Amino acid sequence: MDRTKEQELAWLRTITGELSTRTITRLDDTLPWYGNMPPSRRSAVGLVAQTGIASFIQWYEDPSSTPWIASDVFSAAPRELLRSISLQETLQLIRVVVSVVEERVAPRSEALREAVLHYSRDVAFAAADVYARAAEARGLWDARLEALVVDSILTGESDDELPSRIAALGWHGEGEAAVLVGTAERFVDVDQLRRTARHAGADVLIGLQGTRLVLVLGRVEAQPKDPSAPIEPPLSFLEIAQRLADGFSGGPLVLGPAVENLVAASRSARAALAGVAVARSWRNAPRPVAADDLLPERALAGDGLARRTLIERIYEPLAAHSGELLETLWCYLDNGRSLEATARELFVHPNTVRYRLKKVSEVIGWNATGAREALILQSALIAGSIAQNQGRRGKQR
């Protein structure tokens, strides 16, 4: 090392304290976010700045140590730094430190000015590397947590920690949730699925289990760019599922019923999984298909949830509303959906049958005049009658 460089190093060491003081003052004067931080985090950021100055002197003495010295700047307080400020704010911090050092050091010699420029470049790359590693670690942690949440929803083994795990994932869905189940290739474009869901006004949790792809959906409240513009109604879950269908490979694609919130999504998941198992039994099933449209197939396959749904949503409401509606529906379905034959059996006018069938549709939401819905309604009548007869026998015993 030549004598001039030794003199410059000695001089740099004497002004280290002065540079640190100037840097802290400049941070206060030029960076509002620094002044608004609590004392402990201000101290952590200041420590990083001081370490950067000390590391520059060490680097200037031995430039071959560049990778190590630049990384050491951020090892002074990495967790505090990452929690306190963003990458953009870190680059602003570096700019302030470099400016202070350059103003004080560069006039002394051309070699020192070039050294400041080279070192600032290395520190900027080191900052980017620190944040990239943190983002990668966070991404891996989020992926594991997301898989755990989806698995808990599928198995129904949720615990008191599920809400906090959902919150940790940054779930933005509000209100109702639904589960979409299908098959996919081994490598799924997860980012594309998230973009499609976002454009459809939904948030999504994604789980890939072998060839089974599970999407947990929730609607996101729209924020119009123009406050005076009318707010468009949100898409239904079935419409959202239709937009996401291209992300799945061939085979059944079943959407579970909407439930009140994400914590209750296991009910939707059970229905969707049961629907996937029997979807091929409906020859012309749409894709995606609602799990509730597969209630007859699910009930025949032994799905207790499907049987309860048929009874609770169709048989019991009709029985509670009017015996006439239940009797008319039975006759109409037994007579091959013939209005005239039903009217003759009940000794009423065909218009009366029409009125009662319309009332049935208003009460339960299914229209008995459609072939597919007639099958669902007839399955509900059978399941309800069996349950009612079993209840009577139980009371007699």
# chains A, B, ... in the order shown; residues from 1 in each chain; ligands from 1
$ residues_around --residues "Tyr60 (chain A)" --least-positions-apart "3" --cutoff "9 Å" --atoms "only C-alpha atoms" --output "ChimeraX atom specification"
/A:9,55-57,63,112,115-116,119
$ residues_around --residues "Gly207 (chain A)" --least-positions-apart "3" --cutoff "12 Å" --atoms "only C-alpha atoms" --output "PyMOL selection string"
chain A and resi 143-154+179-184+186+188+190+193+204+210-217
$ residues_around --residues "Ala279 (chain A)" --least-positions-apart "6" --cutoff "12 Å" --atoms "only C-alpha atoms" --output "PyMOL selection string"
chain A and resi 181-182+251-255+271-273+285-298+301
$ write_last_selection --atoms "N, CA and C atoms" --output "tab-separated table (two decimals), in the first residue's frame"
chain	number	residue	atom	x	y	z
A	181	VAL	N	-63.16	-27.53	-6.97
A	181	VAL	CA	-62.27	-28.70	-7.01
A	181	VAL	C	-62.27	-29.31	-8.40
A	182	GLY	N	-61.07	-29.62	-8.89
A	182	GLY	CA	-60.92	-30.28	-10.18
A	182	GLY	C	-59.55	-30.91	-10.26
A	251	GLY	N	-61.61	-33.30	-17.14
A	251	GLY	CA	-62.23	-34.00	-16.03
A	251	GLY	C	-63.23	-33.12	-15.32
A	252	PRO	N	-63.93	-33.69	-14.32
A	252	PRO	CA	-64.97	-32.94	-13.61
A	252	PRO	C	-64.40	-31.71	-12.90
A	253	LEU	N	-65.21	-30.67	-12.86
A	253	LEU	CA	-64.87	-29.44	-12.15
A	253	LEU	C	-66.11	-29.04	-11.37
A	254	VAL	N	-66.03	-29.12	-10.04
A	254	VAL	CA	-67.22	-28.97	-9.20
A	254	VAL	C	-67.03	-27.82	-8.23
A	255	LEU	N	-68.07	-27.00	-8.13
A	255	LEU	CA	-68.07	-25.86	-7.21
A	255	LEU	C	-68.99	-26.16	-6.04
A	271	ALA	N	-68.82	-30.89	0.00
A	271	ALA	CA	-69.78	-31.04	-1.09
A	271	ALA	C	-69.08	-31.10	-2.44
A	272	ALA	N	-68.05	-30.26	-2.63
A	272	ALA	CA	-67.33	-30.26	-3.91
A	272	ALA	C	-66.60	-31.58	-4.13
A	273	LEU	N	-65.96	-32.11	-3.10
A	273	LEU	CA	-65.24	-33.38	-3.23
A	273	LEU	C	-66.21	-34.52	-3.53
A	285	ALA	N	-73.29	-33.12	-17.83
A	285	ALA	CA	-73.00	-32.15	-16.76
A	285	ALA	C	-72.20	-30.98	-17.31
A	286	PRO	N	-72.58	-29.74	-16.95
A	286	PRO	CA	-71.79	-28.58	-17.38
A	286	PRO	C	-70.44	-28.56	-16.66
A	287	ARG	N	-69.57	-27.71	-17.12
A	287	ARG	CA	-68.25	-27.60	-16.50
A	287	ARG	C	-67.87	-26.13	-16.41
A	288	PRO	N	-67.80	-25.60	-15.22
A	288	PRO	CA	-67.98	-26.24	-13.91
A	288	PRO	C	-69.46	-26.51	-13.60
A	289	VAL	N	-69.67	-27.43	-12.66
A	289	VAL	CA	-71.01	-27.76	-12.23
A	289	VAL	C	-71.11	-27.50	-10.73
A	290	ALA	N	-72.27	-27.01	-10.31
A	290	ALA	CA	-72.48	-26.78	-8.88
A	290	ALA	C	-72.69	-28.11	-8.17
A	291	ALA	N	-72.10	-28.26	-6.99
A	291	ALA	CA	-72.24	-29.50	-6.23
A	291	ALA	C	-73.69	-29.79	-5.90
A	292	ASP	N	-74.50	-28.72	-5.70
A	292	ASP	CA	-75.91	-28.94	-5.38
A	292	ASP	C	-76.71	-29.44	-6.57
A	293	ASP	N	-76.18	-29.26	-7.78
A	293	ASP	CA	-76.85	-29.84	-8.96
A	293	ASP	C	-76.58	-31.33	-9.09
A	294	LEU	N	-75.69	-31.84	-8.26
A	294	LEU	CA	-75.36	-33.28	-8.26
A	294	LEU	C	-75.91	-33.97	-7.02
A	295	LEU	N	-76.88	-33.37	-6.39
A	295	LEU	CA	-77.43	-33.94	-5.15
A	295	LEU	C	-77.96	-35.37	-5.34
A	296	PRO	N	-78.71	-35.67	-6.42
A	296	PRO	CA	-79.20	-37.06	-6.55
A	296	PRO	C	-78.06	-38.07	-6.63
A	297	GLU	N	-77.06	-37.79	-7.47
A	297	GLU	CA	-75.93	-38.71	-7.62
A	297	GLU	C	-75.17	-38.86	-6.30
A	298	ARG	N	-74.98	-37.75	-5.63
A	298	ARG	CA	-74.25	-37.80	-4.35
A	298	ARG	C	-75.02	-38.60	-3.31
A	301	ALA	N	-74.74	-42.22	-3.92
A	301	ALA	CA	-73.40	-42.73	-3.60
A	301	ALA	C	-73.16	-42.80	-2.09
$ residues_around --residues "Leu339 (chain A)" --least-positions-apart "4" --cutoff "7 Å" --atoms "only C-alpha atoms" --output "PyMOL selection string"
chain A and resi 332+343+350+353
$ residues_around --residues "region 368-370 of chain A" --least-positions-apart "3" --cutoff "9 Å" --atoms "only C-alpha atoms" --output "list in words"
Leu329, Tyr332, Leu333, Arg337, Leu357, Lys358, Val360, Ser361, Glu373, Ala374, Leu375, Ile376 and Leu377 of chain A
$ closest_residue --among "A:Glu61, A:Leu91, A:Thr155, A:Arg308" --to "Glu6 (chain A)" --atoms "only C-alpha atoms"
A:Glu61
$ atom_distance --atom1 "CA of Ala177 (chain A)" --atom2 "CA of Leu238 (chain A)"
11.7 Å
$ select_by_dssp --residues "region 224-359 of chain A" --states "alpha helix (DSSP H)" --output "number ranges by chain"
A: 237-244, 265-278, 295-300, 304-310, 316-321, 323-334, 339-346, 350-359
$ residues_around --residues "Asp189 (chain A)" --least-positions-apart "3" --cutoff "12 Å" --atoms "only C-alpha atoms" --output "ChimeraX atom specification"
/A:184-186,192-196,206,208,213,244,246-249
$ write_last_selection --atoms "C-alpha atoms" --output "compact mmCIF listing (two decimals), in the first residue's frame"
# COMPACT_ATOMS: atom_id res chain seq x y z
CA ALA A 184 -54.68 -30.15 -13.00
CA GLU A 185 -51.28 -30.89 -14.42
CA ARG A 186 -48.33 -31.35 -12.08
CA GLN A 192 -52.14 -16.82 -13.72
CA LEU A 193 -54.88 -18.29 -11.53
CA ARG A 194 -54.40 -15.49 -9.01
CA ARG A 195 -54.50 -12.83 -11.74
CA THR A 196 -57.68 -14.31 -13.22
CA ILE A 206 -54.66 -22.53 -3.95
CA LEU A 208 -52.36 -28.71 -5.32
CA LEU A 213 -56.38 -28.75 -7.67
CA LEU A 244 -60.96 -20.01 -13.72
CA ASP A 246 -59.04 -22.85 -18.10
CA GLY A 247 -56.54 -23.28 -15.28
CA PHE A 248 -57.72 -26.88 -14.78
CA SER A 249 -57.05 -29.88 -16.98
$ closest_residue --among "A:Pro234, A:Gly275, A:Gly175, A:Pro317" --to "Asn261 (chain A)" --atoms "only C-alpha atoms"
A:Gly175
$ atom_distance --atom1 "CA of Ala387 (chain A)" --atom2 "CA of Arg354 (chain A)"
28.2 Å
$ atom_distance --atom1 "CA of Val48 (chain A)" --atom2 "CA of Thr14 (chain A)"
19.4 Å
